[in-house]
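**Student:** Coordinates in target_31.pdb, PDB, C-alpha atoms and all ligand atoms, are listed below.
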```
ATOM      1  CA  MET Y 982     -49.664  -8.934  -1.489
ATOM      2  CA  ASP Y 983     -49.104  -5.796   0.547
ATOM      3  CA  VAL Y 984     -46.875  -2.945  -0.595
ATOM      4  CA  LYS Y 985     -43.802  -4.035   1.382
ATOM      5  CA  THR Y 986     -44.012  -7.559   0.003
ATOM      6  CA  LYS Y 987     -44.285  -6.200  -3.536
ATOM      7  CA  LEU Y 988     -41.257  -3.918  -2.985
ATOM      8  CA  LEU Y 989     -39.283  -6.813  -1.549
ATOM      9  CA  ALA Y 990     -40.224  -9.031  -4.485
ATOM     10  CA  GLY Y 991     -39.052  -6.296  -6.870
ATOM     11  CA  THR Y 992     -35.740  -5.923  -5.038
ATOM     12  CA  ILE Y 993     -35.181  -9.687  -5.073
ATOM     13  CA  ARG Y 994     -35.915  -9.748  -8.815
ATOM     14  CA  GLN Y 995     -33.355  -6.962  -9.411
ATOM     15  CA  LEU Y 996     -30.733  -8.700  -7.278
ATOM     16  CA  ARG Y 997     -31.279 -11.956  -9.165
ATOM     17  CA  ALA Y 998     -30.925 -10.128 -12.490
ATOM     18  CA  SER Y 999     -27.646  -8.475 -11.456
ATOM     19  CA  ARG Y1000     -26.342 -11.752 -10.004
ATOM     20  CA  GLU Y1001     -27.052 -13.463 -13.322
ATOM     21  CA  ARG Y1002     -25.286 -10.654 -15.198
ATOM     22  CA  ILE Y1003     -22.206 -11.022 -12.971
ATOM     23  CA  VAL Y1004     -22.229 -14.816 -13.316
ATOM     24  CA  ARG Y1005     -22.295 -14.398 -17.114
ATOM     25  CA  LEU Y1006     -19.402 -11.924 -16.957
ATOM     26  CA  ILE Y1007     -17.357 -14.183 -14.678
ATOM     27  CA  ALA Y1008     -18.000 -17.039 -17.088
ATOM     28  CA  LYS Y1009     -16.497 -14.846 -19.819
ATOM     29  CA  ILE Y1010     -13.272 -14.589 -17.787
ATOM     30  CA  PRO Y1011     -12.112 -18.160 -18.449
ATOM     31  CA  ASP Y1012      -9.264 -18.710 -15.994
ATOM     32  CA  HIS Y1013      -7.496 -15.450 -15.444
ATOM     33  CA  ILE Y1014      -7.937 -11.841 -16.458
ATOM     34  CA  ASP Y1015      -6.099 -11.124 -19.718
ATOM     35  CA  ASP Y1016      -3.382  -8.471 -19.957
ATOM     36  CA  HIS Y1017      -5.525  -6.123 -22.012
ATOM     37  CA  ASP Y1018      -8.263  -6.104 -19.350
ATOM     38  CA  LEU Y1019      -5.673  -5.629 -16.589
ATOM     39  CA  GLU Y1020      -4.347  -2.563 -18.417
ATOM     40  CA  ARG Y1021      -7.881  -1.246 -18.951
ATOM     41  CA  TYR Y1022      -8.561  -1.810 -15.251
ATOM     42  CA  HIS Y1023      -5.378   0.029 -14.217
ATOM     43  CA  LEU Y1024      -6.210   2.923 -16.532
ATOM     44  CA  GLY Y1025      -9.715   3.187 -15.072
ATOM     45  CA  MET Y1026     -11.247   2.327 -18.438
ATOM     46  CA  VAL Y1027     -13.500  -0.410 -17.056
ATOM     47  CA  LYS Y1028     -16.697   1.557 -16.563
ATOM     48  CA  GLU Y1029     -19.403  -1.068 -16.463
ATOM     49  CA  GLU Y1030     -20.205  -1.862 -12.869
ATOM     50  CA  ALA Y1031     -20.782  -5.585 -13.421
ATOM     51  CA  GLU Y1032     -17.482  -6.021 -15.289
ATOM     52  CA  LEU Y1033     -15.644  -3.994 -12.659
ATOM     53  CA  ALA Y1034     -17.201  -6.125  -9.908
ATOM     54  CA  ALA Y1035     -16.182  -9.330 -11.706
ATOM     55  CA  LEU Y1036     -12.579  -8.114 -12.142
ATOM     56  CA  GLU Y1037     -12.300  -6.956  -8.533
ATOM     57  CA  GLU Y1038     -13.815 -10.167  -7.234
ATOM     58  CA  HIS Y1039     -11.296 -12.191  -9.255
ATOM     59  CA  LEU Y1040      -8.467 -10.056  -7.870
ATOM     60  CA  LEU Y1041      -9.636 -10.763  -4.318
ATOM     61  CA  TRP Y1042      -8.659 -14.412  -4.515
ATOM     62  CA  CYS Y1043      -6.256 -14.761  -7.441
ATOM     63  CA  GLY Y1044      -2.615 -14.116  -6.465
ATOM     64  CA  PRO Y1045      -1.200 -14.577  -9.991
ATOM     65  CA  CYS Y1046      -3.579 -11.945 -11.393
ATOM     66  CA  VAL Y1047      -2.721  -9.524  -8.568
ATOM     67  CA  ASP Y1048       0.972  -9.964  -9.479
ATOM     68  CA  ARG Y1049       0.150  -9.427 -13.160
ATOM     69  CA  THR Y1050      -1.906  -6.333 -12.253
ATOM     70  CA  GLU Y1051       1.170  -4.877 -10.556
ATOM     71  CA  ALA Y1052       3.309  -5.762 -13.578
ATOM     72  CA  ALA Y1053       0.719  -4.235 -15.923
ATOM     73  CA  SER Y1054       0.541  -1.034 -13.868
ATOM     74  CA  GLN Y1055       4.358  -0.742 -13.893
ATOM     75  CA  TYR Y1056       4.328  -1.295 -17.650
ATOM     76  CA  VAL Y1057       1.637   1.349 -18.182
ATOM     77  CA  ASP Y1058       3.441   3.832 -15.926
ATOM     78  CA  THR Y1059       6.758   3.202 -17.729
ATOM     79  CA  VAL Y1060       5.175   3.685 -21.150
ATOM     80  CA  ARG Y1061       3.435   6.813 -19.896
ATOM     81  CA  ALA Y1062       6.676   8.250 -18.471
ATOM     82  CA  ALA Y1063       8.508   7.472 -21.728
ATOM     83  CA  ALA Y1064       5.745   9.151 -23.721
ATOM     84  CA  CYS Y1065       5.964  12.244 -21.487
ATOM     85  CA  ASP Y1066       9.767  12.381 -21.859
ATOM     86  CA  ARG Y1067       9.428  12.061 -25.601
ATOM     87  CA  ALA Y1068       6.825  14.823 -25.702
ATOM     88  CA  GLU Y1069       9.093  17.116 -23.662
ATOM     89  CA  TYR Y1070      12.205  16.579 -25.809
ATOM     90  CA  SER Y1071      10.584  16.142 -29.162
ATOM     91  CA  PRO Y1072      11.184  19.022 -31.591
ATOM     92  CA  TRP Y1073       7.596  18.589 -32.849
TER      93      TRP Y1073
HETATM   94 ZN    ZN Y1101      -6.508 -14.918 -12.095
END
```
Translate this file's structure into structure tokens.
**Tutor:**
Amino acid sequence: MDVKTKLLAGTIRQLRASRERIVRLIAKIPDHIDDHDLERYHLGMVKEEAELAALEEHLLWCGPCVDRTEAASQYVDTVRAAACDRAEYSPW
């Protein structure tokens, strides 16, 4: 095998490995994304690239989860605003 063929084989191996990782992660998301993960996603707490890719891919085609993402983000923003108000007016 020449060098280019070896490099290509290595790249294909890496792509297969990351595809398998993503397939495993998608399999872990049974039907829809749960509320906790939607909140983590909205808060930017999903750091692992493969999990992030799986969530975003699900959100590309799943209308109900997109609606729930919007609801979750409103919820998080409301809780955050309430927490800020409380911090401002709290005597301690
Ligand atoms: Zn969904």
**Student:** Please, which residues have at least one atom within 9 Å of an atom of ligand ZN 1101 (chain Y), using all atoms listed in the file, listed as a VMD selection string?
**Tutor:** chain Y and resid 1010 1012 to 1015 1039 to 1040 1042 to 1047 1049
**Student:** Which of these residues is nearest to Y:Val1004, using all atoms listed in the file: Y:Ala990, Y:Val984, Y:Ala1063, Y:Leu1036?
**Tutor:**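 Closest residue, counting all atoms listed in the file: Y:Leu1036.
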**Student:** Using the file's own x, y and z axes, what box holds all listed atoms of stretch 1054-1058 of chain Y with 6 Å on each side, keeping edges along x, y and z, and what are its centre and edge lengths in Å to one decimal, as lines of an AutoDock Vina configuration file?
**Tutor:**
```
center_x = 2.4
center_y = 1.3
center_z = -16.0
size_x = 15.8
size_y = 17.1
size_z = 16.3
```
**Student:** Between atom CA of Y:Glu1030 and atom CA of Y:Ile1003, what distance in Å does the model show, to one decimal?
**Tutor:**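 These atoms are spaced 9.4 Å apart.
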**Student:** Of the candidates Y:Ala1035, Y:Leu1019, Y:Ala1064, Y:Met1026, which one gets nearest to Y:Thr1050 if we count all atoms listed in the file?
**Tutor:**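 Looking only at the distances to Y:Thr1050, the closest residue turns out to be Y:Leu1019.
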**Student:** For Y:Asp1018, which residue among Y:Asp1066, Y:Asp983, Y:Asp1058, Y:Glu1032 is the nearest when counting only C-alpha atoms?
**Tutor:** Y:Glu1032
**Student:** Taking the file as I've supplied it (selection: the PyMOL selection byres (((chain Y and resi 1024) around 12) and not hetatm)), which residues are included? Please answer as a VMD selection string.
**Tutor:** chain Y and resid 1017 to 1023 1025 to 1028 1050 1053 to 1058 1061
**Student:** When you draw a straight line from atom CA of Y:Glu1001 to atom CA of Y:Leu989, how long is it in Å?
**Tutor:**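 Atom-to-atom, atom CA of Y:Glu1001 and atom CA of Y:Leu989 are spaced 18.2 Å apart.
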**Student:** So how many Å separate atom CA of Y:Leu1006 and atom CA of Y:Lys987, to one decimal?
**Tutor:**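 Between atom CA of Y:Leu1006 and atom CA of Y:Lys987 the gap is 28.8 Å.
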